[in-house]
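A.B. asks: Structure file target-v8.txt, compact mmCIF, C-alpha atoms and all ligand atoms, is pasted below:
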```
# COMPACT_ATOMS: atom_id res chain seq x y z
CA PHE A 29 1.35 9.92 5.34
CA ILE A 30 0.30 7.06 7.59
CA SER A 31 3.33 4.86 6.98
CA VAL A 32 6.28 7.22 6.44
CA GLY A 33 5.51 9.97 8.98
CA PRO A 34 5.34 7.62 11.98
CA MET A 35 8.59 5.90 10.98
CA ILE A 36 10.34 9.28 10.77
CA MET A 37 8.89 10.13 14.19
CA ARG A 38 10.44 6.92 15.54
CA ASN A 39 13.74 6.85 13.66
CA GLY A 40 14.57 10.34 12.40
CA THR A 41 16.99 12.82 13.99
CA GLU A 42 15.55 15.92 15.69
CA GLU A 43 16.55 17.99 12.64
CA GLN A 44 14.79 15.57 10.27
CA LYS A 45 11.64 15.62 12.39
CA GLN A 46 11.62 19.44 12.50
CA GLU A 47 12.26 19.66 8.77
CA ILE A 48 9.93 16.94 7.47
CA LEU A 49 6.98 16.38 9.81
CA PRO A 50 5.38 19.87 9.73
CA LYS A 51 5.50 19.79 5.92
CA VAL A 52 3.87 16.35 5.89
CA LEU A 53 1.13 17.61 8.20
CA ARG A 54 0.54 20.68 6.03
CA GLY A 55 0.36 18.47 2.94
CA GLU A 56 3.39 20.15 1.39
CA MET A 57 5.43 16.96 1.39
CA ASN A 58 4.12 13.56 0.35
CA PHE A 59 5.79 10.33 -0.60
CA ALA A 60 5.96 7.66 -3.24
CA LEU A 61 7.10 4.35 -1.77
CA GLY A 62 10.25 2.98 -3.40
CA TYR A 63 10.55 -0.62 -2.24
CA THR A 64 9.71 -3.10 -5.02
CA GLU A 65 12.18 -3.94 -7.79
CA PRO A 66 11.85 -6.15 -10.88
CA ASN A 67 13.52 -9.00 -8.95
CA ALA A 68 12.45 -8.10 -5.42
CA GLY A 69 8.71 -8.18 -4.71
CA THR A 70 7.64 -10.60 -2.00
CA ASP A 71 11.31 -11.31 -1.37
CA LEU A 72 11.89 -7.61 -0.84
CA ALA A 73 15.15 -8.07 1.04
CA SER A 74 16.73 -9.16 -2.27
CA MET A 75 16.62 -5.56 -3.50
CA GLN A 76 19.66 -4.52 -5.54
CA THR A 77 19.32 -0.75 -5.88
CA ARG A 78 22.52 0.56 -4.35
CA ALA A 79 23.21 3.60 -2.21
CA THR A 80 26.95 4.20 -1.93
CA ARG A 81 28.51 6.77 0.38
CA ASP A 82 30.73 9.35 -1.37
CA GLY A 83 31.98 12.02 1.04
CA ASP A 84 29.01 14.07 2.23
CA GLU A 85 26.65 12.42 -0.24
CA TRP A 86 24.93 9.16 -1.06
CA VAL A 87 24.92 8.06 -4.69
CA ILE A 88 21.98 5.90 -5.78
CA ASN A 89 21.90 3.58 -8.78
CA GLY A 90 19.31 0.98 -9.71
CA GLN A 91 15.70 0.40 -10.71
CA LYS A 92 12.40 0.25 -8.86
CA ILE A 93 9.03 -0.90 -10.15
CA TYR A 94 5.47 -0.10 -9.04
CA THR A 95 6.66 3.20 -7.57
CA SER A 96 3.06 4.41 -7.41
CA SER A 97 2.51 8.19 -7.24
CA ALA A 98 6.10 8.92 -8.26
CA HIS A 99 4.59 11.20 -10.93
CA LEU A 100 2.55 13.08 -8.30
CA ALA A 101 4.46 13.01 -5.02
CA THR A 102 7.06 15.55 -3.94
CA HIS A 103 9.40 12.99 -2.36
CA VAL A 104 10.21 9.31 -2.32
CA TRP A 105 10.67 7.08 0.70
CA LEU A 106 13.38 4.82 -0.64
CA ALA A 107 14.87 1.55 0.54
CA ALA A 108 18.27 0.75 -0.96
CA ARG A 109 21.15 -1.61 -0.34
CA THR A 110 24.01 0.06 1.53
CA GLU A 111 26.04 -3.04 2.46
CA PRO A 112 26.18 -5.69 -0.28
CA GLU A 113 28.35 -8.07 1.74
CA ALA A 114 25.99 -8.30 4.73
CA PRO A 115 23.16 -10.87 5.04
CA LYS A 116 20.39 -9.49 2.84
CA HIS A 117 18.14 -8.21 5.65
CA ARG A 118 21.02 -6.39 7.33
CA GLY A 119 22.40 -4.33 4.44
CA ILE A 120 19.41 -2.11 3.65
CA SER A 121 18.88 1.56 4.59
CA THR A 122 16.02 4.03 4.19
CA PHE A 123 16.15 7.51 2.68
CA VAL A 124 13.90 10.48 1.99
CA LEU A 125 14.68 12.56 -1.09
CA PRO A 126 12.89 14.90 -3.50
CA LEU A 127 11.62 13.24 -6.66
CA ASN A 128 13.00 16.07 -8.78
CA THR A 129 16.58 15.13 -7.85
CA PRO A 130 18.65 14.83 -11.07
CA GLY A 131 19.16 11.24 -12.23
CA ILE A 132 15.64 9.94 -11.43
CA THR A 133 13.52 8.90 -14.42
CA VAL A 134 9.83 8.10 -13.90
CA ARG A 135 8.12 5.99 -16.57
CA PRO A 136 4.37 5.20 -16.46
CA LEU A 137 3.06 1.67 -15.98
CA TRP A 138 -0.69 1.33 -16.59
CA VAL A 139 -2.47 -1.28 -14.53
CA MET A 140 -5.93 -2.77 -14.01
CA GLY A 141 -8.63 -0.39 -12.86
CA GLU A 142 -7.32 2.44 -15.05
CA GLY A 143 -4.63 3.02 -12.47
CA ARG A 144 -1.19 4.37 -13.10
CA THR A 145 1.89 3.25 -11.28
CA ASN A 146 5.52 3.70 -12.42
CA GLU A 147 8.88 2.25 -13.11
CA THR A 148 11.66 4.43 -11.73
CA PHE A 149 15.25 4.45 -12.90
CA TRP A 150 18.05 5.77 -10.72
CA GLU A 151 21.30 6.84 -12.34
CA ASP A 152 24.00 8.47 -10.20
CA VAL A 153 21.38 10.19 -8.05
CA ARG A 154 23.30 12.30 -5.52
CA ILE A 155 21.66 13.21 -2.23
CA PRO A 156 23.02 14.74 0.99
CA ALA A 157 24.29 12.38 3.70
CA ASP A 158 21.49 13.45 6.04
CA SER A 159 18.86 12.00 3.67
CA LEU A 160 19.42 8.71 5.51
CA ILE A 161 16.59 8.00 7.96
CA GLY A 162 17.55 5.84 10.93
CA GLU A 163 20.67 3.80 11.37
CA GLU A 164 22.65 2.74 8.31
CA ASN A 165 21.96 -0.93 7.39
CA ARG A 166 19.02 -1.16 9.84
CA GLY A 167 16.49 -0.11 7.21
CA TRP A 168 14.81 -3.51 6.96
CA TYR A 169 13.24 -3.03 10.38
CA ILE A 170 12.08 0.47 9.46
CA VAL A 171 10.60 -0.78 6.17
CA SER A 172 8.82 -3.61 8.00
CA GLY A 173 7.17 -1.13 10.37
CA ALA A 174 6.22 1.16 7.49
CA LEU A 175 4.66 -1.79 5.63
CA ASP A 176 2.63 -2.75 8.70
CA LEU A 177 1.26 0.79 8.84
CA GLU A 178 0.59 0.80 5.09
CA ARG A 179 -1.50 -2.35 5.59
CA VAL A 180 -3.52 -0.58 8.27
CA ALA A 181 -4.30 2.12 5.69
CA ILE A 182 -5.14 -0.37 2.91
CA GLY A 183 -7.43 -2.16 5.38
CA THR A 184 -9.75 0.82 5.75
CA TYR A 185 -13.38 -0.31 5.59
CA ARG A 186 -14.72 2.92 4.06
CA PRO A 187 -14.74 1.99 0.33
CA LEU A 188 -16.47 -1.30 1.16
CA GLU A 189 -19.00 0.48 3.36
CA LYS A 190 -19.72 2.95 0.55
CA THR A 191 -20.22 0.20 -2.03
CA VAL A 192 -22.74 -1.52 0.24
CA SER A 193 -24.67 1.63 1.15
CA ASP A 194 -24.74 2.73 -2.51
CA MET A 195 -26.12 -0.66 -3.55
CA VAL A 196 -28.80 -0.66 -0.86
CA ALA A 197 -29.84 2.86 -1.92
CA HIS A 198 -29.89 1.73 -5.57
CA ILE A 199 -32.14 -1.25 -4.80
CA LYS A 200 -34.55 0.91 -2.82
CA ALA A 201 -34.73 3.64 -5.46
CA GLU A 202 -34.32 1.82 -8.78
CA ARG A 203 -34.79 -1.93 -8.31
CA PRO A 204 -37.37 -2.48 -5.51
CA GLU A 205 -38.29 -5.86 -7.02
CA LEU A 206 -34.88 -7.15 -5.84
CA ALA A 207 -36.05 -6.85 -2.23
CA ASP A 208 -38.16 -9.99 -2.89
CA ASP A 209 -35.20 -11.87 -4.32
CA ALA A 210 -33.51 -14.22 -1.83
CA PHE A 211 -30.17 -13.96 -3.67
CA ALA A 212 -30.27 -10.16 -3.42
CA ARG A 213 -31.21 -10.18 0.26
CA ASN A 214 -28.43 -12.66 1.04
CA ALA A 215 -25.91 -10.62 -0.95
CA VAL A 216 -26.56 -7.34 0.88
CA ALA A 217 -26.83 -9.04 4.30
CA ASP A 218 -23.52 -10.87 3.81
CA ALA A 219 -21.93 -7.66 2.55
CA LEU A 220 -23.05 -5.72 5.62
CA MET A 221 -21.57 -8.38 7.92
CA ARG A 222 -18.29 -8.06 6.02
CA VAL A 223 -18.36 -4.28 6.53
CA GLU A 224 -18.91 -4.69 10.26
CA VAL A 225 -16.02 -7.15 10.69
CA ALA A 226 -13.80 -4.86 8.59
CA ARG A 227 -14.81 -1.92 10.80
CA ALA A 228 -13.96 -3.87 13.98
CA LEU A 229 -10.53 -4.88 12.65
CA ALA A 230 -9.80 -1.34 11.45
CA THR A 231 -10.91 0.16 14.76
CA ASN A 232 -8.63 -2.21 16.66
CA ASN A 233 -5.73 -1.21 14.39
CA ALA A 234 -6.50 2.49 14.85
CA ALA A 235 -6.56 2.03 18.64
CA MET A 236 -3.18 0.26 18.57
CA VAL A 237 -1.62 3.00 16.43
CA HIS A 238 -3.14 5.64 18.73
CA SER A 239 -1.43 3.96 21.71
CA GLY A 240 1.94 4.12 19.95
CA LEU A 241 2.02 0.47 18.85
CA ILE A 242 2.62 -0.86 15.35
CA PRO A 243 0.06 -3.58 14.56
CA THR A 244 1.63 -6.54 12.75
CA MET A 245 -0.63 -9.59 12.68
CA GLU A 246 -3.59 -7.27 13.26
CA ALA A 247 -2.64 -5.10 10.27
CA SER A 248 -2.37 -8.20 8.10
CA MET A 249 -5.79 -9.44 9.25
CA GLY A 250 -7.41 -6.09 8.48
CA LYS A 251 -5.82 -5.93 5.04
CA ILE A 252 -6.77 -9.49 4.07
CA TRP A 253 -10.33 -9.23 5.31
CA THR A 254 -11.06 -5.89 3.73
CA THR A 255 -9.43 -6.50 0.36
CA ASP A 256 -10.87 -10.03 0.00
CA SER A 257 -14.27 -8.67 1.03
CA ARG A 258 -14.16 -5.90 -1.57
CA GLU A 259 -13.72 -8.49 -4.29
CA ARG A 260 -16.40 -10.85 -2.98
CA VAL A 261 -18.94 -8.10 -2.43
CA ASN A 262 -18.25 -6.50 -5.82
CA ASP A 263 -18.62 -9.91 -7.50
CA ALA A 264 -21.92 -10.61 -5.75
CA PHE A 265 -23.28 -7.16 -6.61
CA MET A 266 -22.20 -7.57 -10.25
CA ASP A 267 -24.20 -10.81 -10.37
CA LEU A 268 -27.11 -8.99 -8.80
CA LEU A 269 -27.20 -6.23 -11.38
CA GLY A 270 -26.74 -8.60 -14.28
CA ARG A 271 -25.46 -7.26 -17.56
CA SER A 272 -25.88 -3.60 -16.55
CA GLY A 273 -23.45 -4.03 -13.62
CA GLY A 274 -20.41 -3.71 -15.87
CA MET A 275 -21.50 -0.43 -17.43
CA GLN A 276 -19.09 2.44 -16.97
CA ALA A 277 -19.91 5.99 -15.90
CA GLU A 278 -19.51 7.31 -19.48
CA ASN A 279 -22.73 5.51 -20.45
CA GLY A 280 -24.80 8.05 -18.56
CA ASP A 281 -27.42 5.53 -17.42
CA ALA A 282 -24.95 3.13 -15.76
CA PRO A 283 -26.26 1.86 -12.41
CA LEU A 284 -24.59 3.54 -9.43
CA ASP A 285 -23.08 5.97 -11.98
CA GLY A 286 -20.58 3.27 -12.93
CA ALA A 287 -19.18 3.09 -9.40
CA LEU A 288 -19.63 -0.68 -9.14
CA ASP A 289 -17.72 -1.29 -12.34
CA ALA A 290 -14.90 0.98 -11.15
CA ALA A 291 -14.82 -0.70 -7.72
CA TRP A 292 -14.80 -4.16 -9.32
CA ARG A 293 -11.84 -3.35 -11.57
CA GLY A 294 -9.98 -1.45 -8.85
CA ALA A 295 -10.32 -4.08 -6.12
CA PRO A 296 -7.74 -6.74 -7.13
CA VAL A 297 -4.77 -4.44 -6.55
CA GLY A 298 -5.63 -4.41 -2.84
CA ARG A 299 -4.54 -8.04 -2.64
CA PHE A 300 -1.03 -7.09 -3.83
CA GLY A 301 -0.33 -3.61 -2.44
CA GLY A 302 1.63 -3.61 0.82
CA GLY A 303 2.56 -7.28 0.29
CA THR A 304 0.30 -9.99 -1.07
CA ASN A 305 -2.46 -11.55 0.98
CA ASP A 306 -0.68 -14.94 0.80
CA ILE A 307 2.19 -13.34 2.66
CA GLN A 308 -0.15 -11.67 5.15
CA ARG A 309 -1.50 -15.13 6.02
CA ARG A 310 2.06 -16.29 6.55
CA ILE A 311 2.70 -13.32 8.88
CA ILE A 312 -0.37 -14.26 10.93
CA ALA A 313 0.73 -17.91 11.14
CA ASN A 314 4.39 -17.20 11.92
CA ARG A 315 4.65 -13.88 13.73
CA GLY A 316 1.15 -13.94 15.18
CA LEU A 317 0.65 -17.59 16.11
CA GLY A 318 4.30 -18.57 16.49
CA LEU A 319 4.32 -21.38 13.92
CA PRO A 320 7.88 -22.19 12.84
CA ARG A 321 8.85 -20.63 9.51
C1 LIG B 1 -0.86 -1.57 -8.81
C2 LIG B 1 0.29 -1.84 -7.89
C3 LIG B 1 0.80 -0.80 -7.11
C4 LIG B 1 1.92 -1.02 -6.31
N1 LIG B 1 2.47 0.05 -5.63
C5 LIG B 1 3.67 -0.10 -5.03
C6 LIG B 1 4.37 1.03 -4.48
O1 LIG B 1 3.87 2.16 -4.48
N2 LIG B 1 5.61 0.84 -3.98
C7 LIG B 1 6.21 -0.39 -3.96
O2 LIG B 1 7.35 -0.48 -3.51
N3 LIG B 1 5.56 -1.49 -4.44
C8 LIG B 1 4.31 -1.37 -4.97
N4 LIG B 1 3.66 -2.48 -5.50
C9 LIG B 1 4.32 -3.77 -5.47
C10 LIG B 1 3.65 -4.80 -4.57
O3 LIG B 1 3.93 -4.54 -3.22
C11 LIG B 1 4.16 -6.16 -5.07
O4 LIG B 1 3.48 -6.41 -6.28
C12 LIG B 1 3.95 -7.26 -4.10
O5 LIG B 1 4.78 -7.10 -2.98
C13 LIG B 1 4.23 -8.63 -4.73
O6 LIG B 1 5.45 -8.66 -5.38
P1 LIG B 1 5.55 -9.20 -6.90
O7 LIG B 1 4.58 -8.42 -7.72
O8 LIG B 1 6.98 -9.17 -7.30
O9 LIG B 1 5.00 -10.68 -6.85
P2 LIG B 1 5.83 -11.99 -6.48
O10 LIG B 1 6.67 -11.76 -5.28
O11 LIG B 1 6.52 -12.47 -7.72
O12 LIG B 1 4.68 -12.99 -6.09
C14 LIG B 1 3.88 -13.65 -7.09
C15 LIG B 1 2.90 -14.56 -6.37
O13 LIG B 1 3.63 -15.57 -5.63
C16 LIG B 1 3.25 -15.55 -4.26
N5 LIG B 1 4.42 -15.80 -3.42
C17 LIG B 1 5.67 -15.29 -3.61
N6 LIG B 1 6.49 -15.73 -2.65
C18 LIG B 1 5.75 -16.51 -1.82
C19 LIG B 1 6.03 -17.24 -0.62
N7 LIG B 1 7.25 -17.25 -0.09
N8 LIG B 1 5.02 -17.92 -0.04
C20 LIG B 1 3.77 -17.92 -0.57
N9 LIG B 1 3.44 -17.25 -1.71
C21 LIG B 1 4.42 -16.55 -2.32
C22 LIG B 1 2.70 -14.15 -4.01
O14 LIG B 1 1.79 -14.13 -2.92
C23 LIG B 1 2.03 -13.84 -5.34
O15 LIG B 1 0.73 -14.39 -5.37
C24 LIG B 1 2.50 -2.31 -6.25
C25 LIG B 1 1.95 -3.36 -6.98
C26 LIG B 1 0.86 -3.15 -7.80
C27 LIG B 1 0.31 -4.29 -8.60
```
Can you present the structure in this file as structure tokens?
Ligand SMILES: Cc1cc2nc3c(=O)[nH]c(=O)nc-3n(C[C@H](O)[C@H](O)[C@H](O)COP(=O)(O)OP(=O)(O)OC[C@H]3O[C@@H](n4cnc5c(N)ncnc54)[C@H](O)[C@@H]3O)c2cc1C
C.D. replies:
Amino acid sequence: FISVGPMIMRNGTEEQKQEILPKVLRGEMNFALGYTEPNAGTDLASMQTRATRDGDEWVINGQKIYTSSAHLATHVWLAARTEPEAPKHRGISTFVLPLNTPGITVRPLWVMGEGRTNETFWEDVRIPADSLIGEENRGWYIVSGALDLERVAIGTYRPLEKTVSDMVAHIKAERPELADDAFARNAVADALMRVEVARALATNNAAMVHSGLIPTMEASMGKIWTTDSRERVNDAFMDLLGRSGGMQAENGDAPLDGALDAAWRGAPVGRFGGGTNDIQRRIIANRGLGLPR
């Protein structure tokens, strides 16, 4: 919603905007993101999935991996190679197509935090010519903008804020003795400062998006700070709760109803989704601060 819709607003034809955007707003159309391939993760521009023009249609063949939500979404926002002879960043195009199009196979991939993502296989998938969004072979720039917006979404401070407020409520209600513990006081104080910095970064990103800008370095900063903070705060709170911290909700008497355990196991994926945090640091250094690549 936050990454695909705005890129269609910027790059779609009038017909595409009329057709797609109201459905997105009504929640009738949502997207899996089809970027990553087995041999194209960080180096996304090396993607090999091909879209070949055949009369009034595009024919797609290839494989994607980590196509999260492909088993739930109605459509896929797909990046595929349309010009194999061009330099790798200049031969990619973006498409929107229904996930029930014949030729698409979705296979589950279970990952840490009890999450499901997918492998997707594309065999002679035929879609109408007007499924192309934006200019042919200019998709890299559209994907880059969509990834910036995805990072804004990943950088939301809300889950972190909830973890901290839940823990403070738990200490007050169930473990008041921890209020006298310097380690516990430091842990919640540090966590609250992390929430406030995350909120400031997210608010700045929201203001930029609201003014029609696409945050780049700012989106990377928000994503790094928030996802790193989730892991640090969850770790510190696990230490605080001791052996009961890792109890899952099914135990009935798990502290925070097992929410800390779930947050702890779910947090690492934030460092990878939307591009790894290593790469976000590189974006800040190169695109943000102008260091030579
Ligand atoms: C649970 C999950 C859900 C995902 N959902 C989606 C999705 O819905 N759609 C989608 O398209 N993708 C999705 N992804 C893919 C995700 O975006 C990639 O995992 C990520 O871009 C990294 O690619 P990779 O896994 O191939 O790692 P690699 O590119 O192999 O990187 C491995 C490590 O090397 C480091 N590295 C690589 N190159 C460099 C470099 N040049 N400089 C410094 N460090 C480098 C990376 O930072 C990383 O730590 C998902 C991934 C996961 C784990």
A.B. asks: Using only C-alpha atoms, determine which residues lie at most 9 Å from Gly173 in chain A, disregarding the query and same-chain residues fewer than 3 positions distant; provide the list as a PyMOL selection string.
C.D. replies: chain A and resi 31+35+168-170+176-178+242-244
A.B. asks: Please identify the residues whose atoms come within 7 Å of ligand LIG 1 (chain B), using all atoms listed in the file, and report them as a list in words.
C.D. replies: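 The residues within 7 Å of ligand LIG 1 (chain B), counting all atoms listed in the file, are Ala60, Leu61, Gly62, Tyr63, Thr64, Pro66, Asn67, Ala68, Gly69, Thr70, Asp71, Ile93, Tyr94, Thr95, Ser96, Ser97, Val139, Gly143, Thr145, Val297, Phe300, Gly301, Gly302, Gly303, Thr304, Asn305, Asp306 and Ile307 of chain A.
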A.B. asks: What separation in Å, quoted to one decimal, exists between CA of Asn146 in chain A and CA of Val134 in chain A?
C.D. replies: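 It comes out at 6.3 Å.
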A.B. asks: Which residues, written as number ranges by chain, have at least one atom at most 6 Å from Trp86 in chain A, with all atoms listed in the file counted and residues fewer than 5 positions away on the same chain left out?
C.D. replies: A: 79-81, 154-155, 157
A.B. asks: By how many Å are CA of Met275 in chain A and CA of Tyr185 in chain A apart?
C.D. replies: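 Taking CA of Met275 in chain A as the start and CA of Tyr185 in chain A as the end point, the length is 24.4 Å.
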A.B. asks: Would you kindly return, as a ChimeraX atom specification, each protein, DNA or RNA residue with an atom no farther than 9 Å from any atom of range 248-254 of chain A, considering all atoms listed in the file and excluding same-chain residues fewer than 6 positions away?
C.D. replies: /A:176,179-185,188,222-223,225-230,233,298-299,302,304-309,311-312
A.B. asks: Near Glu278 in chain A, within 12 Å and counting all atoms listed in the file, which residues show up once chain neighbours fewer than 6 positions away are dropped, as number ranges by chain?
C.D. replies: A: 284-287, 289-290
A.B. asks: Choose the residue, out of A:Lys200, A:His99, A:Arg166, A:Arg78, that has the smallest atom-to-atom separation from Arg118 in chain A; count only C-alpha atoms.
C.D. replies: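 Checking each candidate against Arg118 in chain A, we get A:Arg166 as the closest.
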A.B. asks: What is the distance, in Å and to one decimal place, between CA of Gly33 in chain A and CA of Ile48 in chain A?
C.D. replies: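 Here the two named atoms are 8.4 Å from each other.
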A.B. asks: Can you tell me, as a VMD selection string, which residues sit within 10 Å of (-22.0, -9.4, -6.5) in the file's frame, using all atoms listed in the file?
C.D. replies: chain A and resid 211 to 212 215 to 216 219 258 to 270 273 288 292
